[in-house]
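Here's the structure we're looking at; comments come further down.
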Amino acid sequence: MSYRDYQSLIQPVAERARLDPDRLTLIFIPEDGEPQRVTAAAFYDSSAAFAHALSGIGVGPDDLVILVLNHSRALLSAFWGAMLVGAVPSIFPFLTEKLDPQLYMQRVRALVEHEGVKAVITFPDFKESLSALLSGLACRVLSIDEVSAVDVAFDFHSELGTQNSELSSDRIAFLQHSSGTTGLQKGVALSHRSVLNQIDSYSRAINLNDNDVVVSWLPLYHDMGLIAGFVMPITAGAPLVLMSPFHWVRSPKILFQAIHDYRGTLCWLPNFAYNHCANAIRQRDLESLDLSSWRMAINCSEPVRHHSHRLFAEKFAPYGFQESALAVSYAMAEATFAVTQTPLGAPPRIDWISMAAYQADHVAVLAQPDSPGAMPVVSCGPPIGGAEVAIVDSAGLRLPERRHGEVIIRSDSMLSGYYKRPDLDAEARLDGWHRTGDMGYMADGELYISGRQKDLIITGGKNVYPQDLEAIASAAPGIYAGRAVAFGVEDERLGTESIVMVCELARDASPDQQKAILAELRRRIVQQTEVTLADARLVAKRWVIKTSSGKIARADNRAKYLREFRAQP
Amino acid sequence: MDRNEVRSKLKEFICKTLLNNANYALADDEKLITGGMIDSFSLAQVGVFAEDVFGVYIPDNDLTVANMDTLDQMVSRIMAG
């Protein structure tokens, strides 16, 4: 049976709970304590308990439910529970020790207000402050301790099941929020139909089968973690071994330990994670591990670096990691997740091109590997079933193979729209296609990504808008407002872009004063955006380059910074 | 192992490798992570550095922001062995 035959995401999960109740669905590895094993029936029952509690506070079909929960079993059940009542769940990133709590609360309130959220689910400790925050709005706050097991879960569901089967598969299943400029999050609305189509096409592309075990540390508020590391395995019945991103950052070996312990086969990682694993796992933690079960390590959500793959394959080959397991997917929330996937059983193609010809003529001309001026571009593979990719010039006209242009996509798993943001919908459309803002080219039917149209910075798999950082700097003491620039600088050691800021001083300052100005700038940036600057410099007036129309010329400023501050002596 | 030696080697590693600025005048009590100087990923690298250079194994569970936010805290943790 194809996933396309279902009408909603809850049908296959309910079916499995009934027909194969003891099937392993989830192993949740907490930071402390023993791993929790959850069967198909137990996952369904705990979701039904949330559905019951939501229904009890008046949440029903099409109501928006925001989950302010950390990475936990409860988060997964709350998400599915909301879908069980036909409501639309969305996961909000949890407060971390870096962020300013007050600002975090303001953002929750702004989102609840803008999107007309009906209920927020959170932890007992958070309930009081969230209730106070949202007073005056028609939004209920539900704490997970108010959710109790429902004895008659299946009866309860059979009723809901009938209701849901009458609902159209085109209704919204959930929202995936991503950051946008001006701080207001944009919610990508995905229908049950789109998500089921994606699961059908993508599971074929990676040959998802009964022997697969998905292992993930990815956060669930981001498309890669949400779809590949949660919704797809749960819907398709592939056991999911899940750990917390904070735990993994501190201790990257837990991913490898889990692959060893549970014979993991599939894992999705952003590029920087390949470097983090290679740089920060100690030899002693690897010695007893067997990684030979790992059949695909799929790189997505930031530009793929050839060097990172090499580093990773070399470091982990002695423990059974096979080079053929290296894989790439070009994915985005707007297409539910995957648009392309490299073929199974072989590492991605590497296209060596002449950097000079690419920059000057926008043509990807083949060059001898490792020759001077040759640049390796890693393939993202061909489009998966149901998806199409094309390259266009700035006028929106199609370009032939090997010509550099903007990537546009269309597929049967596209977003229904940006939730309550028609302005963004219009901006992203082009004659029935979706404009991605990514730049690249096609060669032999495979997609190669080479950069971005806008100044967006992708650091550690996270999208950062430089104008947000510049606005924070402009409001910081000692910095000349409007004369601060942020940009990404390639960091080969980290396998990602690191973020640099250069700011003009408002007035002369002593070295001590300058240090205090920079410390305050960094503090504000991390508290408001969770971004850590790799470098921050204060400069004299008129250092920052602007265009003739008075806009910050980020690429020119980056080049000037590299010349003045990073040139090798 | 001498505390000052640990401090100076660790400081050099932090400034040069993690802060991209070898000349940075890092203070002993400067908040590194909550102050937005380095990110949490760097803590795992400090763990690897401590073992490679000083032979001190810091279990991952100790590599937290609460335990390792300043140079002083890191030095003390390494000295504790």
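Residues are named by chain letter and number: chains run A, B, ... in the order of the structure tokens, numbers start at 1 in each chain, and ligands are numbered from 1 in the order shown.
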Exercise: Leu167 of chain A partners within 9 Å, only C-alpha atoms, chain neighbours under 6 positions left out, as number ranges by chain: A: 7-8, 86
Taking C-alpha atoms for each residue, export the selection above as a compact mmCIF listing (two decimals), in the first residue's frame.
# COMPACT_ATOMS: atom_id res chain seq x y z
CA GLN A 7 -6.08 10.53 3.96
CA SER A 8 -4.18 11.62 7.06
CA GLY A 86 -7.61 17.51 13.80
Taking only residues of segment 184-271 of chain A that have an atom at most 8 Å from an atom of segment 44-55 of chain B, what is each one's shortest atom pair and its distance in Å to one decimal, using only C-alpha atoms, in chain and number order, as CSV?
residue,atom,partner,partner_atom,distance
A:Val249,CA,B:Ala44,CA,7.3
A:Arg250,CA,B:Ala44,CA,5.4
A:Ser251,CA,B:Ala44,CA,6.6
Test item: chain B residues at most 8 Å from chain A, counting only C-alpha atoms, as a PyMOL selection string: chain B and resi 18-21+33-41+43-45+47-48+60-61+63-64
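Ranking A:Gly405, A:Pro376, A:Gly432, A:Gly478 by their shortest atom-to-atom distance to Ser510 of chain A, with only C-alpha atoms included, puts A:Gly478 first.
Within segment 37-71 of chain B, DSSP applied to the backbone places the following residues in alpha helix (DSSP H): Ser40, Phe41, Ser42, Leu43, Ala44, Gln45, Val46, Gly47, Val48, Phe49, Ala50, Glu51, Asp52, Val53, Phe54 and Leu71 of chain B.
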Selected residues written out, C-alpha atoms, as a JSON list (two decimals), in the first residue's frame:
[["chain", "number", "residue", "atom", "x", "y", "z"],
["B", 40, "SER", "CA", 28.49, 25.19, 23.21],
["B", 41, "PHE", "CA", 30.12, 23.14, 20.43],
["B", 42, "SER", "CA", 33.46, 24.47, 21.55],
["B", 43, "LEU", "CA", 33.05, 22.83, 24.97],
["B", 44, "ALA", "CA", 33.37, 19.37, 23.44],
["B", 45, "GLN", "CA", 36.57, 20.58, 21.77],
["B", 46, "VAL", "CA", 37.86, 21.86, 25.11],
["B", 47, "GLY", "CA", 37.25, 18.31, 26.38],
["B", 48, "VAL", "CA", 39.36, 16.84, 23.57],
["B", 49, "PHE", "CA", 42.06, 19.48, 24.14],
["B", 50, "ALA", "CA", 42.21, 18.76, 27.89],
["B", 51, "GLU", "CA", 42.80, 15.10, 27.22],
["B", 52, "ASP", "CA", 45.30, 15.55, 24.37],
["B", 53, "VAL", "CA", 47.40, 18.22, 26.08],
["B", 54, "PHE", "CA", 47.02, 17.58, 29.81],
["B", 71, "LEU", "CA", 38.67, 30.26, 31.87]]
Exercise: Glu15 of chain A partners within 10 Å, only C-alpha atoms, chain neighbours under 5 positions left out, as JSON, numbers by chain: {"A": [10, 20, 21, 40, 41, 44]}
Strand (DSSP E or B) call set, DSSP backbone run, segment 338-514 of chain A, as a PyMOL selection string: chain A and resi 338+340+350-354+363+366+374-379+383+387-392+398+403+405-411+417-418+429-430+433-443+446-452+457-459+462-464+479-491+496-505
Produce a file of the selected residues containing C-alpha atoms, as a compact mmCIF listing (two decimals), in the first residue's frame.
# COMPACT_ATOMS: atom_id res chain seq x y z
CA ALA A 338 13.47 16.40 0.48
CA THR A 340 16.53 15.61 -4.27
CA ILE A 350 31.93 15.33 -7.01
CA ASP A 351 31.92 17.89 -9.80
CA TRP A 352 35.32 19.58 -10.07
CA ILE A 353 34.84 22.92 -11.78
CA SER A 354 36.94 25.95 -12.60
CA VAL A 363 29.24 28.47 -16.18
CA LEU A 366 34.88 20.90 -15.70
CA ALA A 374 39.54 23.77 -9.26
CA MET A 375 36.66 23.68 -6.82
CA PRO A 376 34.82 20.48 -5.77
CA VAL A 377 31.04 20.81 -5.76
CA VAL A 378 29.17 17.93 -4.14
CA SER A 379 26.06 16.69 -5.94
CA PRO A 383 14.92 15.11 -7.89
CA ALA A 387 9.52 16.72 -7.56
CA GLU A 388 11.03 18.87 -10.31
CA VAL A 389 13.99 21.22 -10.22
CA ALA A 390 14.95 23.93 -12.71
CA ILE A 391 17.46 26.76 -12.88
CA VAL A 392 16.43 30.26 -13.93
CA ARG A 398 15.18 28.75 -17.88
CA ARG A 403 24.62 27.39 -16.22
CA GLY A 405 21.17 30.53 -11.70
CA GLU A 406 18.45 30.42 -9.06
CA VAL A 407 17.02 27.04 -8.11
CA ILE A 408 13.25 26.80 -8.50
CA ILE A 409 11.24 23.75 -7.51
CA ARG A 410 7.79 22.27 -7.70
CA SER A 411 6.47 19.04 -6.28
CA GLY A 417 1.20 28.56 2.12
CA TYR A 418 2.93 30.62 4.77
CA ARG A 429 5.96 32.14 -6.39
CA LEU A 430 6.97 32.01 -10.02
CA TRP A 433 7.05 27.12 -9.14
CA HIS A 434 8.63 27.99 -5.81
CA ARG A 435 11.66 30.25 -5.79
CA THR A 436 14.19 28.92 -3.29
CA GLY A 437 16.70 31.78 -3.19
CA ASP A 438 19.46 29.16 -3.53
CA MET A 439 21.89 29.37 -6.45
CA GLY A 440 23.34 26.43 -8.34
CA TYR A 441 23.31 24.44 -11.56
CA MET A 442 22.20 21.13 -13.01
CA ALA A 443 24.56 18.60 -14.61
CA GLU A 446 21.72 16.14 -10.75
CA LEU A 447 21.54 19.35 -8.74
CA TYR A 448 24.63 21.21 -7.52
CA ILE A 449 24.23 24.05 -5.01
CA SER A 450 26.85 26.79 -5.01
CA GLY A 451 25.50 29.60 -2.89
CA ARG A 452 22.57 31.85 -2.15
CA ILE A 457 24.07 33.15 6.54
CA ILE A 458 23.76 29.42 7.30
CA THR A 459 25.77 28.56 10.38
CA LYS A 462 20.72 27.47 11.28
CA ASN A 463 19.59 30.36 9.06
CA VAL A 464 20.67 33.79 10.25
CA ILE A 479 28.53 51.53 18.06
CA TYR A 480 27.70 53.95 15.29
CA ALA A 481 24.06 53.17 14.38
CA GLY A 482 23.62 51.97 10.80
CA ARG A 483 27.36 51.40 10.38
CA ALA A 484 27.65 47.77 11.44
CA VAL A 485 27.94 44.85 9.06
CA ALA A 486 27.48 41.08 9.57
CA PHE A 487 28.51 38.37 7.15
CA GLY A 488 29.47 34.72 6.98
CA VAL A 489 33.04 33.54 6.53
CA GLU A 490 33.76 29.99 5.44
CA ASP A 491 35.33 28.04 8.32
CA THR A 496 30.14 25.72 8.21
CA GLU A 497 30.03 29.49 7.90
CA SER A 498 31.08 31.38 10.97
CA ILE A 499 29.63 34.81 11.62
CA VAL A 500 31.73 37.94 11.74
CA MET A 501 30.70 41.49 12.58
CA VAL A 502 32.58 44.69 11.89
CA CYS A 503 31.19 47.81 13.56
CA GLU A 504 32.21 51.43 13.40
CA LEU A 505 32.81 53.15 16.72
Atom-to-atom span, atom CA of Val241 of chain A and atom CA of Ala258 of chain A, Å: 7.4 Å
Atom CA of Ala87 of chain A to atom CA of Ala49 of chain A, straight-line distance in Å: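 Going from atom CA of Ala49 of chain A over to atom CA of Ala87 of chain A covers 14.4 Å.
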So which residues touch Ser329 of chain A within 9 Å, counting only C-alpha atoms, skipping near sequence neighbours fewer than 4 positions away, as a compact mmCIF listing (two decimals) with C-alpha atoms, in the first residue's frame?
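Printed below is selection33.txt as written:
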# COMPACT_ATOMS: atom_id res chain seq x y z
CA ILE A 298 22.50 12.01 4.66
CA ASN A 299 23.90 15.54 4.57
CA CYS A 300 21.33 18.31 4.26
CA SER A 301 20.17 21.76 5.40
CA ALA A 338 13.47 16.40 0.48
CA VAL A 339 13.56 17.68 -3.10
CA THR A 340 16.53 15.61 -4.27
CA GLN A 341 18.47 12.61 -3.02
CA THR A 342 21.75 11.12 -4.16
CA SER A 379 26.06 16.69 -5.94
CA CYS A 380 22.68 16.78 -4.21
CA GLY A 381 21.42 14.06 -6.57
Point-to-point distance from atom CA of Glu401 of chain A to atom CA of Asp431 of chain A, Å rounded to tenths: 20.7 Å
